[in-house]
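Reviewing the structure listed below.
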Amino acid sequence: MNNQTDVLAFGPLYLDFLVNPSRRPNLLYGRERVLNDYEISKDGFLLEDLYDDRTLQLSVSGNVIDGTARLRLDNEETECTYTTNVGGSTANFVVQLSHLGLSPFLIGAVGAGRYGNRLRELLKTTYNLLFEQVGWQTLGINVIDLETKETAMIVSGSSNRELRHQEINEALQTIHTAQFLYAGGFFKMRQLFPYYSEIFRKAQELGCNVVLDHGRFLGEPNSSEHQETLDVVKDALQHVDIYLPNETEVTELTGNDNLEYALRVAQELGPRFVVCKTGANGCSFVTSEDSKIHHVRQEHTGQILHTAGAGDSFNGGLIKGFKEGLDIESAARLGNATAYLRITRGTYPTYLEVSQLLT
């Protein structure tokens, strides 16, 4: 293990299939559907399940790097091409940290078989990784509308359900140089729900700053699933130092649409810093030392290629700022600039590029 690790990060890992259809299929874009496990075929896989009460079939033929696919929804069939890459918000965050000059260590579960092996190869060439190779590799199938850049995501596979709290605690005990523990994709690993608060408490005892970006709450409002995820977050926030929701998430957590009120309530649940991402407006934050709400506007404008990964890059820039000893407002400006370069260039910016933008 790397003795110079700055950040430990854990979360779900995906082998992403970036699917480009020849024409726009009748899918619900902007949402995610978790379907049953896929079937392995000789040179690809077959996924058959219900998608919004319609029969969906995705057949992939080709190698683990690129190939062709057929997407069938009821009687509508679309030809596609695809490429594969590392997927998942935590992986995006870690890649961004690496480009900013930090040394992250990623904890995750990688599936067995050729798709798991492909993900393992991609991960090992990018950054340090602690993983257990178990289950069917979780696939993130992102069907991309080339004109609008919207994405419909289909998730299948079991490996992310195999990450155990023991592996996270082992890494915390072994890697002593980490100043931050980052948790992403919080709700996609339900097996960790009973352990999140304990993991965060132990990390704080070992001197780590706990960073949480949990993502969208599960279930419909007022459902038991929705309430469960609210309760898990509220319990975990007692042992969180830096909480990184977006505007929808923090207002949903607190049950109030007034952003400034929601930020104050979220901070009172435990975090020292609550930094809320507000899209094109930049971000807003509150601290335990100052109940005043601070707004840090996005200082740059340009043509956006795609907003995917903006929040993960913002998080990376913010943590880089804290690592460099910046105050929270300056770190937030660094986060804004990192996110701006990510969505206008489509690549992960370096620390030099972000610094030049802010000069």
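Ligands are numbered from 1 in the order shown, residues from 1 within each chain, and chains are lettered A, B, ... in the order they appear in the structure tokens.
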
Per residue of segment 123-200 of chain A within 10 Å of segment 35-56 of chain A, note the shortest atom pair and the distance in Å to one decimal, counting only C-alpha atoms, and order the rows by chain and increasing residue number, as a Markdown table.
```
| residue | atom | partner | partner_atom | distance |
| --- | --- | --- | --- | --- |
| A:Trp136 | CA | A:Asp37 | CA | 7.8 |
| A:Gln137 | CA | A:Asp37 | CA | 9.4 |
| A:Thr138 | CA | A:Asp37 | CA | 8.6 |
| A:Leu139 | CA | A:Tyr38 | CA | 9.1 |
| A:Ile154 | CA | A:Leu35 | CA | 7.0 |
| A:Val155 | CA | A:Leu35 | CA | 6.1 |
| A:Ser156 | CA | A:Asp37 | CA | 5.2 |
| A:Gly157 | CA | A:Asp37 | CA | 4.9 |
| A:Ser158 | CA | A:Asp37 | CA | 7.2 |
```

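Residues lying within 8 Å of Leu15 of chain A, counting only C-alpha atoms and ignoring same-chain neighbours fewer than 6 positions away, are Thr84, Asn85, Val86, Gly87, Tyr115, Gly116, Arg118, Leu119, Gln137, Thr138, Leu139 and Gly140 of chain A.
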
Same residues, N, CA and C atoms, saved as a PDB file, in the first residue's frame:
```pdb
ATOM      1  N   THR A  84     -15.877   0.868 -23.254  1.00  0.00           N
ATOM      2  CA  THR A  84     -15.940   0.635 -21.812  1.00  0.00           C
ATOM      3  C   THR A  84     -14.923   1.504 -21.081  1.00  0.00           C
ATOM      4  N   ASN A  85     -15.284   1.849 -19.849  1.00  0.00           N
ATOM      5  CA  ASN A  85     -14.406   2.663 -19.017  1.00  0.00           C
ATOM      6  C   ASN A  85     -14.773   2.437 -17.551  1.00  0.00           C
ATOM      7  N   VAL A  86     -13.973   3.000 -16.656  1.00  0.00           N
ATOM      8  CA  VAL A  86     -14.286   2.956 -15.235  1.00  0.00           C
ATOM      9  C   VAL A  86     -15.482   3.865 -14.959  1.00  0.00           C
ATOM     10  N   GLY A  87     -16.421   3.406 -14.151  1.00  0.00           N
ATOM     11  CA  GLY A  87     -17.587   4.208 -13.827  1.00  0.00           C
ATOM     12  C   GLY A  87     -17.858   4.254 -12.339  1.00  0.00           C
ATOM     13  N   TYR A 115     -15.323  -9.212 -17.314  1.00  0.00           N
ATOM     14  CA  TYR A 115     -15.690  -7.814 -17.114  1.00  0.00           C
ATOM     15  C   TYR A 115     -15.046  -7.264 -15.847  1.00  0.00           C
ATOM     16  N   GLY A 116     -14.972  -8.102 -14.818  1.00  0.00           N
ATOM     17  CA  GLY A 116     -14.233  -7.688 -13.631  1.00  0.00           C
ATOM     18  C   GLY A 116     -12.753  -7.508 -13.915  1.00  0.00           C
ATOM     19  N   ARG A 118     -11.412  -6.647 -16.754  1.00  0.00           N
ATOM     20  CA  ARG A 118     -11.252  -5.402 -17.517  1.00  0.00           C
ATOM     21  C   ARG A 118     -11.249  -4.202 -16.576  1.00  0.00           C
ATOM     22  N   LEU A 119     -12.172  -4.177 -15.614  1.00  0.00           N
ATOM     23  CA  LEU A 119     -12.213  -3.075 -14.668  1.00  0.00           C
ATOM     24  C   LEU A 119     -10.952  -3.047 -13.821  1.00  0.00           C
ATOM     25  N   GLN A 137     -19.524  -8.782 -11.981  1.00  0.00           N
ATOM     26  CA  GLN A 137     -19.146  -7.377 -12.067  1.00  0.00           C
ATOM     27  C   GLN A 137     -20.372  -6.495 -12.325  1.00  0.00           C
ATOM     28  N   THR A 138     -20.530  -5.462 -11.496  1.00  0.00           N
ATOM     29  CA  THR A 138     -21.621  -4.524 -11.706  1.00  0.00           C
ATOM     30  C   THR A 138     -21.329  -3.685 -12.940  1.00  0.00           C
ATOM     31  N   LEU A 139     -22.276  -3.670 -13.871  1.00  0.00           N
ATOM     32  CA  LEU A 139     -22.139  -2.905 -15.104  1.00  0.00           C
ATOM     33  C   LEU A 139     -23.017  -1.664 -15.017  1.00  0.00           C
ATOM     34  N   GLY A 140     -22.492  -0.559 -15.484  1.00  0.00           N
ATOM     35  CA  GLY A 140     -23.290   0.642 -15.659  1.00  0.00           C
ATOM     36  C   GLY A 140     -23.445   0.885 -17.151  1.00  0.00           C
TER      37      GLY A 140
END
```

Would you please extract all strand (DSSP E or B) residues from segment 114-338 of chain A, as assigned by DSSP on the backbone, and give them as number ranges by chain? A: 128-136, 139-144, 151-156, 180-184, 209-213, 242-243, 246, 273-277, 283-287, 290-296

Output for the residues just chosen: N, CA and C atoms as a compact mmCIF listing (two decimals), in the first residue's frame:
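Result written to again17.txt:
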```txt
# COMPACT_ATOMS: atom_id res chain seq x y z
N ASN A 128 -3.97 3.50 -6.89
CA ASN A 128 -3.90 2.39 -5.96
C ASN A 128 -5.30 1.87 -5.66
N LEU A 129 -5.40 0.56 -5.44
CA LEU A 129 -6.71 -0.05 -5.29
C LEU A 129 -6.64 -1.21 -4.31
N LEU A 130 -7.60 -1.22 -3.39
CA LEU A 130 -7.81 -2.37 -2.53
C LEU A 130 -9.19 -2.91 -2.87
N PHE A 131 -9.26 -4.17 -3.30
CA PHE A 131 -10.55 -4.69 -3.72
C PHE A 131 -10.65 -6.17 -3.43
N GLU A 132 -11.87 -6.65 -3.42
CA GLU A 132 -12.17 -8.07 -3.33
C GLU A 132 -12.82 -8.46 -4.66
N GLN A 133 -12.29 -9.47 -5.32
CA GLN A 133 -12.82 -9.84 -6.63
C GLN A 133 -13.88 -10.93 -6.44
N VAL A 134 -15.14 -10.49 -6.35
CA VAL A 134 -16.24 -11.39 -6.04
C VAL A 134 -17.47 -11.03 -6.87
N GLY A 135 -18.38 -12.00 -7.01
CA GLY A 135 -19.67 -11.73 -7.62
C GLY A 135 -19.57 -11.41 -9.11
N TRP A 136 -20.71 -11.07 -9.68
CA TRP A 136 -20.76 -10.63 -11.08
C TRP A 136 -20.45 -9.15 -11.12
N LEU A 139 -22.28 -3.67 -13.87
CA LEU A 139 -22.14 -2.91 -15.10
C LEU A 139 -23.02 -1.66 -15.02
N GLY A 140 -22.49 -0.56 -15.48
CA GLY A 140 -23.29 0.64 -15.66
C GLY A 140 -23.45 0.89 -17.15
N ILE A 141 -24.63 0.65 -17.69
CA ILE A 141 -24.86 0.76 -19.13
C ILE A 141 -25.47 2.14 -19.39
N ASN A 142 -24.68 3.04 -19.91
CA ASN A 142 -25.10 4.42 -20.13
C ASN A 142 -25.45 4.62 -21.60
N VAL A 143 -26.75 4.69 -21.89
CA VAL A 143 -27.21 4.92 -23.25
C VAL A 143 -27.25 6.43 -23.48
N ILE A 144 -26.42 6.91 -24.39
CA ILE A 144 -26.17 8.34 -24.54
C ILE A 144 -26.87 8.88 -25.79
N THR A 151 -28.43 10.96 -20.68
CA THR A 151 -28.06 9.57 -20.48
C THR A 151 -29.17 8.82 -19.75
N ALA A 152 -29.46 7.64 -20.20
CA ALA A 152 -30.30 6.70 -19.46
C ALA A 152 -29.38 5.61 -18.94
N MET A 153 -29.36 5.40 -17.62
CA MET A 153 -28.42 4.44 -17.03
C MET A 153 -29.15 3.19 -16.58
N ILE A 154 -28.63 2.05 -17.01
CA ILE A 154 -29.14 0.74 -16.61
C ILE A 154 -28.03 0.06 -15.83
N VAL A 155 -28.33 -0.38 -14.62
CA VAL A 155 -27.33 -1.01 -13.75
C VAL A 155 -27.69 -2.48 -13.57
N SER A 156 -26.69 -3.34 -13.68
CA SER A 156 -26.91 -4.77 -13.47
C SER A 156 -25.62 -5.39 -12.95
N PHE A 180 -8.09 12.21 4.83
CA PHE A 180 -9.51 12.25 4.51
C PHE A 180 -10.01 10.84 4.23
N LEU A 181 -11.25 10.56 4.66
CA LEU A 181 -11.98 9.37 4.24
C LEU A 181 -13.20 9.86 3.48
N TYR A 182 -13.32 9.45 2.23
CA TYR A 182 -14.39 9.91 1.34
C TYR A 182 -15.35 8.77 1.08
N ALA A 183 -16.65 9.02 1.29
CA ALA A 183 -17.68 8.03 1.01
C ALA A 183 -18.59 8.54 -0.09
N GLY A 184 -18.68 7.79 -1.18
CA GLY A 184 -19.56 8.14 -2.29
C GLY A 184 -20.47 6.97 -2.64
N ASN A 209 -10.45 13.25 8.37
CA ASN A 209 -11.63 14.08 8.13
C ASN A 209 -12.59 13.29 7.24
N VAL A 210 -13.81 13.07 7.70
CA VAL A 210 -14.78 12.27 6.96
C VAL A 210 -15.55 13.17 6.00
N VAL A 211 -15.57 12.77 4.73
CA VAL A 211 -16.22 13.52 3.66
C VAL A 211 -17.36 12.66 3.10
N LEU A 212 -18.56 13.23 3.02
CA LEU A 212 -19.71 12.46 2.53
C LEU A 212 -20.41 13.18 1.39
N ASP A 213 -20.59 12.44 0.28
CA ASP A 213 -21.46 12.85 -0.83
C ASP A 213 -22.32 11.63 -1.14
N ILE A 242 -17.09 16.98 6.54
CA ILE A 242 -17.38 17.77 5.35
C ILE A 242 -18.52 17.10 4.60
N TYR A 243 -19.66 17.76 4.55
CA TYR A 243 -20.86 17.22 3.91
C TYR A 243 -21.08 17.95 2.60
N ASN A 246 -26.03 18.28 -2.99
CA ASN A 246 -26.48 19.33 -3.90
C ASN A 246 -27.75 19.96 -3.30
N PHE A 273 -18.44 21.42 8.18
CA PHE A 273 -18.67 22.18 6.96
C PHE A 273 -19.80 21.51 6.17
N VAL A 274 -20.75 22.30 5.72
CA VAL A 274 -21.74 21.84 4.75
C VAL A 274 -21.56 22.70 3.52
N VAL A 275 -21.14 22.07 2.43
CA VAL A 275 -20.89 22.79 1.17
C VAL A 275 -21.87 22.24 0.15
N CYS A 276 -22.80 23.08 -0.28
CA CYS A 276 -23.87 22.66 -1.17
C CYS A 276 -23.59 23.11 -2.59
N LYS A 277 -23.57 22.16 -3.53
CA LYS A 277 -23.34 22.47 -4.94
C LYS A 277 -24.64 22.97 -5.57
N CYS A 283 -21.63 27.43 -5.50
CA CYS A 283 -21.91 26.67 -4.28
C CYS A 283 -22.22 27.62 -3.13
N SER A 284 -22.78 27.04 -2.07
CA SER A 284 -23.05 27.78 -0.84
C SER A 284 -22.56 26.95 0.32
N PHE A 285 -22.11 27.60 1.38
CA PHE A 285 -21.62 26.82 2.51
C PHE A 285 -21.92 27.49 3.84
N VAL A 286 -21.91 26.66 4.88
CA VAL A 286 -22.03 27.12 6.26
C VAL A 286 -21.06 26.29 7.09
N THR A 287 -20.54 26.86 8.16
CA THR A 287 -19.60 26.16 9.02
C THR A 287 -20.11 26.13 10.45
N ASP A 290 -19.52 29.52 12.18
CA ASP A 290 -20.17 30.73 11.67
C ASP A 290 -21.49 30.32 11.04
N SER A 291 -22.60 30.72 11.63
CA SER A 291 -23.91 30.31 11.14
C SER A 291 -24.34 31.08 9.89
N LYS A 292 -23.52 32.03 9.45
CA LYS A 292 -23.85 32.79 8.26
C LYS A 292 -23.71 31.91 7.01
N ILE A 293 -24.62 32.08 6.07
CA ILE A 293 -24.56 31.35 4.80
C ILE A 293 -23.70 32.14 3.83
N HIS A 294 -22.70 31.47 3.27
CA HIS A 294 -21.79 32.11 2.31
C HIS A 294 -22.06 31.53 0.92
N HIS A 295 -22.12 32.40 -0.08
CA HIS A 295 -22.34 31.97 -1.46
C HIS A 295 -21.06 32.24 -2.26
N VAL A 296 -20.58 31.23 -2.94
CA VAL A 296 -19.38 31.37 -3.78
C VAL A 296 -19.83 31.14 -5.22
```

What's the 9 Å shell around Gly207 of chain A, counting only C-alpha atoms, without same-chain residues fewer than 5 positions away, as a PDB file with C-alpha atoms, in the first residue's frame?
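Dumped everything to around_17.pdb:
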```
ATOM      1  CA  HIS A 176      -1.797   6.037   8.479  1.00  0.00           C
ATOM      2  CA  ALA A 178      -4.607   9.547   4.965  1.00  0.00           C
ATOM      3  CA  GLN A 179      -6.078  12.862   6.061  1.00  0.00           C
ATOM      4  CA  PHE A 180      -9.506  12.248   4.511  1.00  0.00           C
ATOM      5  CA  LYS A 202     -13.494   5.119  13.741  1.00  0.00           C
TER       6      LYS A 202
END
```
